[in-house]
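S.K.: Compact mmCIF, C-alpha atoms, saved as query_16.txt, coming up:
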```txt
# COMPACT_ATOMS: atom_id res chain seq x y z
CA MET A 877 0.00 0.00 0.00
CA GLN A 878 2.78 2.44 0.87
CA GLU A 879 4.28 1.99 -2.60
CA LYS A 880 0.94 2.82 -4.19
CA ILE A 881 0.61 5.92 -2.00
CA GLU A 882 4.11 7.10 -2.91
CA LEU A 883 3.46 6.54 -6.62
CA SER A 884 0.15 8.40 -6.60
CA PHE A 885 1.55 11.40 -4.78
CA LYS A 886 4.69 11.42 -6.95
CA ASP A 887 2.42 11.46 -10.02
CA PHE A 888 0.38 14.26 -8.47
CA LEU A 889 3.43 16.42 -7.81
CA ALA A 890 4.66 15.74 -11.37
CA ALA A 891 1.30 16.95 -12.69
CA VAL A 892 1.59 20.13 -10.59
CA GLN A 893 5.05 20.86 -11.99
CA THR A 894 3.83 20.13 -15.53
CA ALA A 895 0.99 22.62 -15.03
CA LYS A 896 3.53 25.20 -13.86
CA LEU A 897 5.68 24.65 -16.95
CA TYR A 898 3.08 24.27 -19.69
CA GLY A 899 -0.12 25.75 -18.25
CA MET A 900 -3.57 24.22 -17.93
CA GLY A 901 -5.05 22.69 -21.07
CA HIS A 902 -1.76 21.52 -22.58
CA PRO A 903 -1.78 17.93 -23.99
CA ILE A 904 1.30 17.02 -21.93
CA LEU A 905 -0.53 18.06 -18.76
CA LYS A 906 -3.55 16.00 -19.75
CA LYS A 907 -1.37 12.88 -19.94
CA ALA A 908 0.16 13.69 -16.55
CA LEU A 909 -3.31 14.16 -15.04
CA GLU A 910 -4.55 10.88 -16.49
CA LYS A 911 -1.57 9.06 -14.99
CA THR A 912 -2.17 10.70 -11.62
CA PHE A 913 -5.89 9.96 -11.70
CA ASN A 914 -5.27 6.29 -12.46
CA SER A 915 -2.73 5.89 -9.65
CA ILE A 916 -5.08 7.60 -7.16
CA GLN A 917 -7.93 5.31 -8.26
CA ASP A 918 -5.63 2.34 -7.71
CA VAL A 919 -5.10 3.38 -4.08
CA LEU A 920 -8.82 4.03 -3.57
CA SER A 921 -9.82 0.66 -4.97
CA ASP A 922 -9.60 -0.90 -1.50
CA ARG A 923 -10.02 2.07 0.84
CA ALA A 924 -12.53 4.92 1.15
CA GLU A 925 -9.92 7.68 1.36
CA PHE A 926 -6.26 8.39 1.96
CA THR A 927 -4.52 11.39 3.44
CA ILE A 928 -1.06 12.77 2.75
CA GLY A 929 0.45 15.08 5.35
CA ILE A 930 3.29 17.57 4.99
CA ILE A 931 5.23 17.95 8.23
CA GLY A 932 8.00 20.48 7.88
CA ASP A 933 9.77 19.36 4.70
CA GLU A 934 8.70 15.74 4.99
CA ILE A 935 5.77 13.87 3.45
CA ALA A 936 3.84 11.48 5.68
CA PHE A 937 1.16 8.83 5.25
CA GLU A 938 -0.57 7.61 8.42
CA LYS A 939 2.34 6.91 10.86
CA GLU A 940 5.03 6.61 8.20
CA VAL A 941 7.29 9.42 6.95
CA LEU A 942 8.06 8.92 3.25
CA PHE A 943 11.68 10.05 3.37
CA SER A 944 12.61 8.91 -0.13
CA LEU A 945 9.63 10.71 -1.66
CA SER A 946 10.32 13.85 0.38
CA LYS A 947 13.79 14.22 -1.17
CA LEU A 948 12.44 13.91 -4.71
CA ALA A 949 9.52 16.28 -4.23
CA GLU A 950 10.96 19.43 -2.67
CA VAL A 951 9.80 21.77 -5.45
CA GLY A 952 6.26 20.40 -5.66
CA VAL A 953 5.88 20.34 -1.90
CA GLY A 954 7.07 23.95 -1.84
CA TYR A 955 4.12 25.00 -4.05
CA ILE A 956 1.73 23.28 -1.67
CA LYS A 957 3.26 24.72 1.50
CA GLU A 958 3.15 28.25 0.05
CA ARG A 959 -0.64 27.96 0.10
CA GLY A 960 -0.72 26.88 3.75
CA ILE A 961 -1.72 23.31 2.89
CA GLU A 962 -0.43 20.62 5.26
CA ARG A 963 -2.99 17.90 4.64
CA ILE A 964 -4.54 16.54 1.43
CA THR A 965 -7.29 13.91 1.51
CA PHE A 966 -8.46 12.13 -1.62
CA ASN A 967 -11.89 10.47 -1.26
CA ARG A 968 -13.28 7.56 -3.20
CA GLY A 969 -15.58 8.99 -5.86
CA ILE A 970 -13.06 11.61 -6.98
CA GLU A 971 -13.65 12.67 -10.58
CA PHE A 972 -11.04 13.57 -13.18
CA ALA A 973 -12.37 17.15 -13.38
CA GLU A 974 -11.91 17.55 -9.61
CA LEU A 975 -8.26 16.49 -9.82
CA GLU A 976 -7.73 18.90 -12.71
CA LYS A 977 -9.23 21.78 -10.72
CA PHE A 978 -7.09 20.91 -7.70
CA VAL A 979 -3.89 20.92 -9.77
CA SER A 980 -5.01 24.25 -11.21
CA LEU A 981 -5.41 25.63 -7.67
CA ILE A 982 -1.86 24.58 -6.74
CA SER A 983 -0.36 25.97 -9.93
CA ILE A 984 -1.94 29.45 -9.98
CA PRO A 985 -0.35 32.36 -8.08
CA LYS A 986 -1.33 32.15 -4.42
CA GLU A 987 -2.52 35.79 -4.61
CA ASP A 988 -5.33 34.61 -6.93
CA ILE A 989 -6.78 32.26 -4.32
CA LYS A 990 -9.89 33.77 -2.75
CA GLY A 991 -10.38 32.94 0.91
CA SER A 992 -8.87 29.77 2.31
CA PRO A 993 -7.65 27.12 -0.15
CA GLN A 994 -10.41 24.74 1.03
CA ASP A 995 -13.11 27.37 0.46
CA HIS A 996 -11.67 28.15 -2.97
CA LEU A 997 -11.60 24.45 -3.82
CA LEU A 998 -15.21 24.03 -2.74
CA SER A 999 -16.28 27.05 -4.80
CA MET A 1000 -14.82 25.28 -7.84
CA GLY A 1001 -17.14 22.32 -7.22
CA VAL A 1002 -14.49 19.99 -5.80
CA ASN A 1003 -16.12 17.82 -3.14
CA ASN A 1004 -13.91 14.71 -3.07
CA ILE A 1005 -10.62 16.39 -2.20
CA SER A 1006 -10.20 18.16 1.14
CA ILE A 1007 -7.22 20.21 2.21
CA GLY A 1008 -6.13 22.16 5.26
CA LYS A 1009 -3.86 22.27 8.26
CA ILE A 1010 -2.80 19.25 10.26
CA GLY A 1011 -4.75 19.30 13.52
CA VAL A 1012 -3.05 19.33 16.89
CA SER A 1013 -4.37 18.11 20.20
CA SER A 1014 -6.03 20.89 22.18
CA ASN A 1015 -9.13 21.80 24.09
CA LYS A 1016 -10.48 23.73 21.12
CA PRO A 1017 -13.63 22.51 19.38
CA THR A 1018 -13.15 19.72 16.85
CA GLN A 1019 -13.55 20.47 13.15
CA GLU A 1020 -17.02 18.90 13.28
CA GLU A 1021 -17.99 21.09 16.24
CA ASP A 1022 -16.58 24.18 14.51
CA SER A 1023 -18.64 23.28 11.45
CA PHE A 1024 -21.83 23.09 13.52
CA ILE A 1025 -21.06 26.51 14.99
CA ASP A 1026 -20.32 27.91 11.53
CA ILE A 1027 -23.59 26.72 10.01
CA ALA A 1028 -25.68 28.26 12.80
CA SER A 1029 -24.54 31.88 12.45
CA PRO A 1030 -25.84 32.42 8.86
CA LEU A 1031 -29.40 31.95 10.14
CA THR A 1032 -29.05 35.10 12.21
CA GLN A 1033 -27.27 36.91 9.36
CA ILE A 1034 -30.12 36.22 6.94
CA PHE A 1035 -32.73 37.15 9.55
CA ASN A 1036 -30.90 40.49 9.91
CA ARG A 1037 -30.66 40.74 6.08
CA GLU A 1038 -26.87 40.76 6.25
CA ALA A 1039 -24.48 39.32 3.68
CA VAL A 1040 -23.69 35.62 4.01
CA ASP A 1041 -20.39 34.00 3.05
CA GLY A 1042 -21.83 31.23 0.91
CA ILE A 1043 -18.49 29.57 0.22
CA ALA A 1044 -17.60 29.36 3.92
CA LEU A 1045 -21.05 28.01 4.76
CA LYS A 1046 -20.85 25.32 2.06
CA SER A 1047 -17.36 24.47 3.28
CA SER A 1048 -18.67 23.95 6.82
CA ILE A 1049 -21.46 21.67 5.61
CA ASN A 1050 -18.98 19.84 3.41
CA ASN A 1051 -16.71 19.36 6.44
CA ILE A 1052 -19.58 17.72 8.30
CA ILE A 1053 -20.12 15.32 5.40
CA ASN A 1054 -16.40 14.56 5.08
CA ASN A 1055 -15.58 14.28 8.76
CA LEU A 1056 -18.57 12.16 9.72
CA GLY A 1057 -18.26 9.92 6.67
CA GLY A 1058 -19.64 6.54 7.67
CA GLN A 1059 -20.21 7.78 11.23
CA TYR A 1060 -23.56 9.48 10.63
CA GLN A 1061 -25.01 6.78 12.87
CA GLN A 1062 -22.80 7.93 15.72
CA LEU A 1063 -24.21 11.45 15.40
CA LEU A 1064 -27.74 10.06 15.41
CA LYS A 1065 -26.85 8.07 18.51
CA LEU A 1066 -25.62 11.24 20.19
CA ASN A 1067 -28.85 13.03 19.30
CA THR A 1068 -30.97 10.14 20.56
CA LEU A 1069 -29.36 10.20 24.00
CA LYS A 1070 -28.84 13.92 24.46
CA ARG A 1071 -32.10 15.54 23.40
CA TYR A 1072 -32.04 17.44 26.67
CA ASP A 1073 -28.92 19.35 25.59
CA LEU A 1074 -30.86 21.73 23.36
CA GLY A 1075 -29.50 24.94 21.86
CA THR A 1076 -31.27 27.57 19.83
CA PHE A 1077 -30.56 25.91 16.51
CA THR A 1078 -30.37 22.27 17.57
CA HIS A 1079 -33.54 21.19 15.76
CA ILE A 1080 -32.55 22.96 12.55
CA ILE A 1081 -29.06 21.47 12.58
CA ASN A 1082 -30.42 18.01 13.46
CA THR A 1083 -32.84 18.23 10.53
CA SER A 1084 -30.03 19.28 8.21
CA VAL A 1085 -27.70 16.46 9.24
CA LEU A 1086 -30.48 13.86 9.26
CA SER A 1087 -31.54 14.99 5.76
CA MET A 1088 -27.94 14.57 4.54
CA TYR A 1089 -27.70 11.15 6.17
CA PHE A 1090 -31.00 9.97 4.68
CA SER A 1091 -30.21 11.29 1.19
CA SER A 1092 -26.77 9.68 1.28
CA LYS A 1093 -28.28 6.31 2.18
CA ILE A 1094 -30.77 6.41 -0.71
CA GLY A 1095 -28.07 7.16 -3.25
CA PHE A 1096 -27.79 10.91 -3.77
CA PRO A 1097 -24.33 12.04 -4.98
CA LYS A 1098 -22.16 14.08 -2.65
CA ASP A 1099 -22.76 17.45 -4.32
CA SER A 1100 -26.53 16.92 -4.05
CA ILE A 1101 -26.20 15.91 -0.39
CA LEU A 1102 -24.46 19.21 0.31
CA GLU A 1103 -27.29 21.08 -1.46
CA ILE A 1104 -29.88 19.15 0.56
CA GLY A 1105 -28.10 19.93 3.82
CA LEU A 1106 -27.99 23.61 2.91
CA ALA A 1107 -31.70 23.68 2.04
CA ALA A 1108 -32.65 21.85 5.24
CA LEU A 1109 -30.65 24.32 7.30
CA PHE A 1110 -32.88 27.19 6.16
CA HIS A 1111 -36.20 25.35 5.84
CA ASP A 1112 -37.77 26.97 8.93
CA ILE A 1113 -36.12 30.38 8.82
CA GLY A 1114 -39.51 32.04 8.36
CA LYS A 1115 -40.42 31.01 11.92
CA LEU A 1116 -37.92 33.54 13.23
CA TYR A 1117 -40.52 36.18 12.31
CA ILE A 1118 -43.24 34.57 14.40
CA SER A 1119 -43.76 35.20 18.10
CA ARG A 1120 -42.22 32.57 20.39
CA LYS A 1121 -45.44 32.58 22.41
CA ILE A 1122 -47.26 31.20 19.39
CA ILE A 1123 -44.51 28.77 18.41
CA ARG A 1124 -44.36 27.36 21.95
CA LYS A 1125 -48.06 27.48 22.80
CA PRO A 1126 -48.98 24.07 24.30
CA GLY A 1127 -52.71 24.29 23.65
CA GLN A 1128 -54.77 24.62 20.49
CA LEU A 1129 -53.94 27.57 18.27
CA SER A 1130 -56.56 30.13 17.33
CA GLU A 1131 -57.37 30.61 13.64
CA SER A 1132 -55.30 33.80 13.63
CA GLU A 1133 -52.35 32.14 15.35
CA PHE A 1134 -52.41 29.16 12.99
CA SER A 1135 -52.49 31.56 10.04
CA GLN A 1136 -49.32 33.16 11.38
CA ILE A 1137 -47.67 29.74 11.70
CA GLU A 1138 -48.61 28.88 8.11
CA SER A 1139 -47.13 32.16 6.88
CA HIS A 1140 -43.58 31.07 7.80
CA THR A 1141 -43.22 29.12 4.54
CA VAL A 1142 -43.89 32.18 2.41
CA LEU A 1143 -41.95 34.51 4.72
CA GLY A 1144 -38.92 32.22 4.63
CA SER A 1145 -38.92 31.62 0.89
CA THR A 1146 -39.38 35.33 0.16
CA LEU A 1147 -36.42 36.15 2.39
CA LEU A 1148 -34.25 33.44 0.83
CA LEU A 1149 -34.99 34.69 -2.69
CA GLN A 1150 -32.62 37.55 -1.87
CA TYR A 1151 -29.80 35.02 -1.36
CA VAL A 1152 -30.19 32.86 -4.48
CA ASP A 1153 -26.81 34.00 -5.83
CA THR A 1154 -25.15 32.89 -2.59
CA LEU A 1155 -27.15 29.82 -1.54
CA GLY A 1156 -28.83 28.66 -4.74
CA ILE A 1157 -32.54 28.11 -5.38
CA MET A 1158 -33.08 24.90 -3.37
CA PRO A 1159 -33.39 26.62 0.06
CA VAL A 1160 -36.17 28.79 -1.44
CA VAL A 1161 -37.98 25.73 -2.80
CA VAL A 1162 -37.71 23.72 0.43
CA SER A 1163 -38.70 26.65 2.65
CA PHE A 1164 -41.82 27.13 0.52
CA GLU A 1165 -42.77 23.46 0.08
CA HIS A 1166 -41.85 21.56 3.24
CA HIS A 1167 -45.43 21.71 4.62
CA LEU A 1168 -47.21 21.04 1.30
CA LYS A 1169 -47.57 17.30 2.01
CA TYR A 1170 -47.35 14.59 -0.62
CA ASP A 1171 -51.07 14.88 -1.52
CA LEU A 1172 -50.91 18.73 -1.42
CA SER A 1173 -53.33 18.92 1.53
CA GLY A 1174 -50.90 21.07 3.50
CA TYR A 1175 -49.87 24.68 3.09
CA PRO A 1176 -49.39 27.11 1.40
CA LYS A 1177 -52.22 26.51 -1.07
CA LEU A 1178 -51.04 26.43 -4.68
CA SER A 1179 -52.73 28.08 -7.65
CA PHE A 1180 -51.22 25.42 -9.91
CA PRO A 1181 -51.01 22.16 -7.91
CA ARG A 1182 -47.86 20.07 -8.39
CA LYS A 1183 -46.00 17.51 -6.31
CA PRO A 1184 -43.37 18.97 -3.96
CA ASN A 1185 -39.72 18.62 -4.97
CA ILE A 1186 -38.19 15.37 -3.69
CA VAL A 1187 -35.75 17.40 -1.56
CA SER A 1188 -38.69 19.14 0.12
CA GLN A 1189 -40.22 15.73 0.84
CA ILE A 1190 -36.95 14.44 2.34
CA VAL A 1191 -36.58 17.49 4.57
CA SER A 1192 -40.24 17.27 5.60
CA ILE A 1193 -39.80 13.70 6.88
CA CYS A 1194 -36.60 14.56 8.76
CA ASP A 1195 -38.13 17.76 10.16
CA VAL A 1196 -41.17 15.98 11.60
CA TYR A 1197 -39.12 13.03 12.89
CA ASP A 1198 -36.71 15.25 14.80
CA ALA A 1199 -39.49 17.49 16.12
CA LEU A 1200 -41.38 14.48 17.50
CA SER A 1201 -38.17 13.05 19.00
CA ALA A 1202 -37.15 16.23 20.79
CA ARG A 1203 -38.15 17.14 24.30
CA ARG A 1204 -39.19 20.76 24.78
CA THR A 1205 -40.27 22.82 27.77
CA TYR A 1206 -43.74 22.92 26.19
CA LYS A 1207 -43.97 19.26 25.04
CA SER A 1208 -42.78 15.77 25.90
CA ASP A 1209 -40.80 13.65 23.48
CA TYR A 1210 -42.58 10.68 21.95
CA PRO A 1211 -41.25 7.12 22.33
CA PRO A 1212 -39.75 5.80 19.07
CA ASP A 1213 -42.48 3.24 18.35
CA ALA A 1214 -45.13 5.94 18.79
CA ILE A 1215 -43.26 8.18 16.34
CA TYR A 1216 -43.18 5.35 13.82
CA ASN A 1217 -46.91 4.65 14.17
CA LEU A 1218 -47.78 8.34 14.02
CA MET A 1219 -45.70 9.06 10.92
CA MET A 1220 -46.78 5.91 9.07
CA ARG A 1221 -50.37 7.12 9.30
CA GLY A 1222 -49.28 9.78 6.82
CA ARG A 1223 -47.92 7.25 4.31
CA GLY A 1224 -49.26 8.18 0.89
CA THR A 1225 -50.91 11.38 2.16
CA THR A 1226 -48.40 13.45 4.12
CA TYR A 1227 -45.34 11.51 2.96
CA HIS A 1228 -44.20 9.83 -0.24
CA PRO A 1229 -44.75 6.07 0.36
CA PHE A 1230 -41.30 5.02 -0.87
CA LEU A 1231 -39.49 7.75 1.08
CA ILE A 1232 -41.21 7.10 4.40
CA ASP A 1233 -40.67 3.33 4.06
CA ARG A 1234 -36.97 3.79 3.26
CA PHE A 1235 -36.55 6.33 6.05
CA PHE A 1236 -37.63 3.86 8.72
CA GLN A 1237 -35.67 1.04 7.09
CA ILE A 1238 -32.60 3.23 7.56
CA VAL A 1239 -33.17 4.77 11.02
CA GLY A 1240 -35.23 1.86 12.32
CA VAL A 1241 -38.20 1.98 14.66
CA TRP A 1242 -35.77 1.97 17.59
CA PRO A 1243 -32.95 4.40 16.60
CA ILE A 1244 -29.35 3.64 17.42
CA GLY A 1245 -28.66 4.74 20.99
CA SER A 1246 -32.18 4.01 22.24
CA ILE A 1247 -32.26 2.45 25.72
CA VAL A 1248 -34.78 -0.39 25.75
CA ALA A 1249 -36.20 -2.95 28.15
CA LEU A 1250 -36.17 -6.49 26.77
CA SER A 1251 -38.85 -9.09 27.39
CA ASP A 1252 -36.45 -11.11 29.57
CA LYS A 1253 -36.07 -8.11 31.94
CA ARG A 1254 -32.59 -7.16 30.73
CA VAL A 1255 -31.81 -3.60 29.62
CA ALA A 1256 -30.03 -2.91 26.34
CA VAL A 1257 -29.01 -0.12 24.01
CA VAL A 1258 -29.70 -0.34 20.27
CA SER A 1259 -26.38 -0.60 18.42
CA GLU A 1260 -27.33 -1.44 14.82
CA GLU A 1261 -30.43 -1.53 12.62
CA ASN A 1262 -31.76 -4.51 10.66
CA GLN A 1263 -33.15 -2.96 7.49
CA ASP A 1264 -35.07 -6.14 6.63
CA ASP A 1265 -36.73 -6.18 10.06
CA ILE A 1266 -36.99 -2.67 11.47
CA PHE A 1267 -38.66 -3.82 14.71
CA ALA A 1268 -35.80 -6.18 15.60
CA PRO A 1269 -32.44 -4.37 15.75
CA ILE A 1270 -29.11 -5.58 17.11
CA VAL A 1271 -28.80 -4.54 20.76
CA LYS A 1272 -26.06 -4.50 23.36
CA VAL A 1273 -27.13 -5.66 26.81
CA ILE A 1274 -25.96 -3.19 29.46
CA TYR A 1275 -27.84 -4.47 32.53
CA PRO A 1276 -27.18 -6.67 34.38
CA GLU A 1277 -23.59 -5.66 33.68
CA LYS A 1278 -22.26 -9.20 34.13
CA LYS A 1279 -24.50 -10.41 31.30
CA GLU A 1280 -23.29 -7.88 28.73
CA ALA A 1281 -23.78 -9.28 25.24
CA LEU A 1282 -24.53 -8.33 21.66
CA VAL A 1283 -27.89 -9.77 20.62
CA ASP A 1284 -29.47 -9.80 17.15
CA LEU A 1285 -33.18 -9.68 17.95
CA LYS A 1286 -34.05 -10.72 14.39
CA ASN A 1287 -32.54 -14.13 15.13
CA ASN A 1288 -34.24 -14.41 18.54
CA LYS A 1289 -37.77 -13.29 17.69
CA ASP A 1290 -39.45 -16.34 19.18
CA ASN A 1291 -38.17 -15.78 22.71
CA LEU A 1292 -36.86 -12.21 22.91
CA LYS A 1293 -38.12 -8.77 21.87
CA ILE A 1294 -38.12 -5.13 22.87
CA GLU A 1295 -40.80 -4.60 25.47
CA ARG A 1296 -40.61 -0.82 25.76
CA TYR A 1297 -38.45 2.27 25.34
CA LEU A 1298 -36.71 3.70 28.42
CA ASN A 1299 -36.71 7.45 28.15
CA PRO A 1300 -33.29 8.89 29.20
CA TRP A 1301 -35.17 11.63 31.04
CA THR A 1302 -37.06 9.18 33.22
CA GLU A 1303 -36.73 5.37 33.36
CA GLY A 1304 -33.56 5.31 31.27
CA LYS A 1305 -31.75 7.90 33.36
CA ASP A 1306 -30.41 5.29 35.77
CA PHE A 1307 -28.69 3.43 32.91
CA LEU A 1308 -26.96 6.37 31.20
CA HIS A 1309 -23.73 5.79 33.13
CA LEU A 1310 -23.48 2.30 31.60
CA LEU A 1311 -23.27 3.62 28.05
CA GLY A 1312 -19.61 4.66 28.33
```
Take the structure in the file and write it out as C-alpha cells.
M.R.:
Amino acid sequence: MQEKIELSFKDFLAAVQTAKLYGMGHPILKKALEKTFNSIQDVLSDRAEFTIGIIGDEIAFEKEVLFSLSKLAEVGVGYIKERGIERITFNRGIEFAELEKFVSLISIPKEDIKGSPQDHLLSMGVNNISIGKIGVSSNKPTQEEDSFIDIASPLTQIFNREAVDGIALKSSINNIINNLGGQYQQLLKLNTLKRYDLGTFTHIINTSVLSMYFSSKIGFPKDSILEIGLAALFHDIGKLYISRKIIRKPGQLSESEFSQIESHTVLGSTLLLQYVDTLGIMPVVVSFEHHLKYDLSGYPKLSFPRKPNIVSQIVSICDVYDALSARRTYKSDYPPDAIYNLMMRGRGTTYHPFLIDRFFQIVGVWPIGSIVALSDKRVAVVSEENQDDIFAPIVKVIYPEKKEALVDLKNNKDNLKIERYLNPWTEGKDFLHLLG
C-alpha cells in the first residue's frame, strides 16, 4: 500500500510541476493528469480515502514518513506549502475534473486564491478532495464542532438581512459530510441520547444532518447531499418572524395564530430569494414546500397544484421526525415506536410512500442509541439496525452488567423482543452511566 501511496503522490506532484511549466489545457498536462488519476484510483480501490500530510519538509502517510519521496519532491511540496496546505485527503468517488481543478489551484499564483484554499476548492465544485492544516491536540472545538457553529450563524445573518459568506457556509457543511463519513449513525446516537442538551438551533441542525444522512443512504451524490443539507438548514427560517409565544403554545392555536404559523413558509422563501446568488434556489424551494404534504393537503395553497420537490419531501420527513423526537419545555418527546406509528399514518398522504418506508428502514423503529427494556427483563441499548426487520435491531445488553452481550433480535424473535423504550429523562436515566 505504501508503494501505491508514494506513486500516486509522486504522479500528483509531477502533474503540478507540468501545469507550472506548460499551463492548464496543454496535452502534456492532460497525460500527466490521467496518470495521476489512475494511480489515485488504484489506491482508492480498496479504501474509502487516503490522506497525505506535509510535516516540515517531509511527506507522511498515516504513521510513516516517506523520506525517499520527500527528497524527490521538494519543489512540488514547496508550491503546496506556500498555500498553507499541510494535509490533502483524496476520497473515493473523486472525478477527473476535480483532480484537474485541484492541480489548477496549486499551480496558480497564491494571490489569486480567494479565501482559504479549502473554500476556494469548494467554490470550484471539488467535493472529493479536502485540504487544510494538520490538527493538533487541544481543548479547542473539533472540526465537526466548529462546522456546527459555523452553520448556525448564517441563520441570524439572513434574519438580519446581512451578507452571508456562501463559500464558507458550504465548506462547513462539506466538512460535516467529510468528517462524519460513515459515522452518521454515531451522530444520530448522540442526538438520541442527548435531546435534553438543546440549543437555539439544535432542531434545525439536526434536521439538516439527518436529511444529509437519509439522502446519502438512498443514493444521492455528494454534491446533491451538500445542497440538501444547505436547504434543510434554512427550511424553517420564516419562523424567526413569528412570536415565540405562538410557536411554543402548548394548547390549540386560534385561527389567527395558525395563520401566522402557516405564513412562515412564504416569509422564509421570500427572504431566501434575496440570497439565491449565494445559496442557490433549493433553500427557497424547500422553505416554501416543506409543509405542502405529498397529496398537497398542507400549506401554502397552490394556484397550480404540483407535487413537492423530492428534496422538500426528504426534509419534511426529517423535520417531523426530529421534532417528535425532541423534548421541549412545552412538550414531551414521543417514544420511538409511537413516532413510527404516528408518521406511518401519513404514508401516501403526508409523505411519499417510498421515502417514508426507506426512512424507517434506515433509522429503524428503535434508533441507534435508544435504551430499551427487553422481554427477559434485561436492559439494552440499540447498536445497529436490521433494514429487513426494522422492529428487531441488534442490541447490546448493558444491565445486568455481568451479562453484557450483543444480541441480534431478528434471530431471537421467538423468545426475545423489545418490550418498551426507556426514556433517558425518566426510566432510562439510571442506565446512562453504563453507556460509556
S.K.: Can you tell me how far CA of Ser1087 in chain A sits from CA of Ile1190 in chain A, in Å to one decimal?
M.R.: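 Calculated distance between CA of Ser1087 in chain A and CA of Ile1190 in chain A is 6.4 Å.
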S.K.: Could you tell me how far CA of Gly1224 in chain A sits from CA of Gly1114 in chain A, in Å to one decimal place?
M.R.: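 A separation of 26.8 Å between them.
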S.K.: Quick one: distance from CA of Gly1240 in chain A to CA of Asp1306 in chain A in Å, one decimal?
M.R.: 24.2 Å
S.K.: For Asp1112 in chain A, list every protein, DNA or RNA residue within 12 Å, evaluated using only C-alpha atoms, and leave out those in the same chain fewer than 5 positions away; present the list as number ranges by chain.
M.R.: A: 1031, 1035, 1077, 1079-1081, 1083-1084, 1106-1107, 1117-1118, 1123, 1137-1145, 1147-1148, 1159-1167, 1188, 1191-1192, 1195-1196
S.K.: Excluding range 1268-1272 of chain A and its own-chain neighbours fewer than 4 positions away, which residues fall within 10 Å of it when counting all atoms listed in the file? Please give them as a short mmCIF file (atom, residue, chain, number, x, y, z; two decimals) with C-alpha atoms, in the coordinates of the input.
M.R.:
```cif
data_model
loop_
_atom_site.label_atom_id
_atom_site.label_comp_id
_atom_site.auth_asym_id
_atom_site.auth_seq_id
_atom_site.Cartn_x
_atom_site.Cartn_y
_atom_site.Cartn_z
CA GLY A 1240 -35.23 1.86 12.32
CA VAL A 1241 -38.20 1.98 14.66
CA TRP A 1242 -35.77 1.97 17.59
CA PRO A 1243 -32.95 4.40 16.60
CA ILE A 1244 -29.35 3.64 17.42
CA GLY A 1245 -28.66 4.74 20.99
CA SER A 1246 -32.18 4.01 22.24
CA ILE A 1247 -32.26 2.45 25.72
CA VAL A 1248 -34.78 -0.39 25.75
CA LEU A 1250 -36.17 -6.49 26.77
CA VAL A 1255 -31.81 -3.60 29.62
CA ALA A 1256 -30.03 -2.91 26.34
CA VAL A 1257 -29.01 -0.12 24.01
CA VAL A 1258 -29.70 -0.34 20.27
CA SER A 1259 -26.38 -0.60 18.42
CA GLU A 1260 -27.33 -1.44 14.82
CA GLU A 1261 -30.43 -1.53 12.62
CA ASN A 1262 -31.76 -4.51 10.66
CA GLN A 1263 -33.15 -2.96 7.49
CA ASP A 1264 -35.07 -6.14 6.63
CA GLU A 1280 -23.29 -7.88 28.73
CA ALA A 1281 -23.78 -9.28 25.24
CA LEU A 1282 -24.53 -8.33 21.66
CA VAL A 1283 -27.89 -9.77 20.62
CA ASP A 1284 -29.47 -9.80 17.15
CA LEU A 1285 -33.18 -9.68 17.95
CA LYS A 1286 -34.05 -10.72 14.39
CA ASN A 1287 -32.54 -14.13 15.13
CA ASN A 1288 -34.24 -14.41 18.54
CA LYS A 1289 -37.77 -13.29 17.69
CA LEU A 1292 -36.86 -12.21 22.91
CA LYS A 1293 -38.12 -8.77 21.87
CA ILE A 1294 -38.12 -5.13 22.87
CA LEU A 1311 -23.27 3.62 28.05
#
```
S.K.: Show me the residues close to (-3.7, 23.6, -12.2) - anything with an atom within 12 Å, counting only C-alpha atoms - and format the list as a compact mmCIF listing (two decimals) with C-alpha atoms, keeping the file's coordinate frame.
M.R.:
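Written out: part_24.txt:
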```txt
# COMPACT_ATOMS: atom_id res chain seq x y z
CA PHE A 888 0.38 14.26 -8.47
CA LEU A 889 3.43 16.42 -7.81
CA ALA A 890 4.66 15.74 -11.37
CA ALA A 891 1.30 16.95 -12.69
CA VAL A 892 1.59 20.13 -10.59
CA GLN A 893 5.05 20.86 -11.99
CA THR A 894 3.83 20.13 -15.53
CA ALA A 895 0.99 22.62 -15.03
CA LYS A 896 3.53 25.20 -13.86
CA LEU A 897 5.68 24.65 -16.95
CA TYR A 898 3.08 24.27 -19.69
CA GLY A 899 -0.12 25.75 -18.25
CA MET A 900 -3.57 24.22 -17.93
CA GLY A 901 -5.05 22.69 -21.07
CA HIS A 902 -1.76 21.52 -22.58
CA LEU A 905 -0.53 18.06 -18.76
CA LYS A 906 -3.55 16.00 -19.75
CA ALA A 908 0.16 13.69 -16.55
CA LEU A 909 -3.31 14.16 -15.04
CA TYR A 955 4.12 25.00 -4.05
CA ILE A 956 1.73 23.28 -1.67
CA ALA A 973 -12.37 17.15 -13.38
CA GLU A 974 -11.91 17.55 -9.61
CA LEU A 975 -8.26 16.49 -9.82
CA GLU A 976 -7.73 18.90 -12.71
CA LYS A 977 -9.23 21.78 -10.72
CA PHE A 978 -7.09 20.91 -7.70
CA VAL A 979 -3.89 20.92 -9.77
CA SER A 980 -5.01 24.25 -11.21
CA LEU A 981 -5.41 25.63 -7.67
CA ILE A 982 -1.86 24.58 -6.74
CA SER A 983 -0.36 25.97 -9.93
CA ILE A 984 -1.94 29.45 -9.98
CA PRO A 985 -0.35 32.36 -8.08
CA LYS A 986 -1.33 32.15 -4.42
CA LEU A 997 -11.60 24.45 -3.82
```
S.K.: Which one is closest to Gly1105 in chain A: A:Cys1194, A:Phe885, A:Leu1172, A:Pro1184? Count only C-alpha atoms.
M.R.: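 Of all the options, A:Cys1194 lies closest to Gly1105 in chain A.
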S.K.: When distances are computed from all atoms listed in the file, which of A:Ser999, A:Gln994, A:Ser1173, A:Thr965 shows the smallest separation from Thr1154 in chain A?
M.R.: A:Ser999
S.K.: Please determine the residues with any atom at most 9 Å from (-29.1, 9.4, 7.5) (coordinates as given in the file, with only C-alpha atoms counting) and report them as a compact mmCIF listing (two decimals) with C-alpha atoms, in the frame of the given file.
M.R.:
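Okay, this is what ended up in out_31.txt:
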```txt
# COMPACT_ATOMS: atom_id res chain seq x y z
CA TYR A 1060 -23.56 9.48 10.63
CA GLN A 1061 -25.01 6.78 12.87
CA LEU A 1064 -27.74 10.06 15.41
CA VAL A 1085 -27.70 16.46 9.24
CA LEU A 1086 -30.48 13.86 9.26
CA SER A 1087 -31.54 14.99 5.76
CA MET A 1088 -27.94 14.57 4.54
CA TYR A 1089 -27.70 11.15 6.17
CA PHE A 1090 -31.00 9.97 4.68
CA SER A 1091 -30.21 11.29 1.19
CA SER A 1092 -26.77 9.68 1.28
CA LYS A 1093 -28.28 6.31 2.18
CA ILE A 1094 -30.77 6.41 -0.71
CA PHE A 1235 -36.55 6.33 6.05
CA ILE A 1238 -32.60 3.23 7.56
CA VAL A 1239 -33.17 4.77 11.02
```
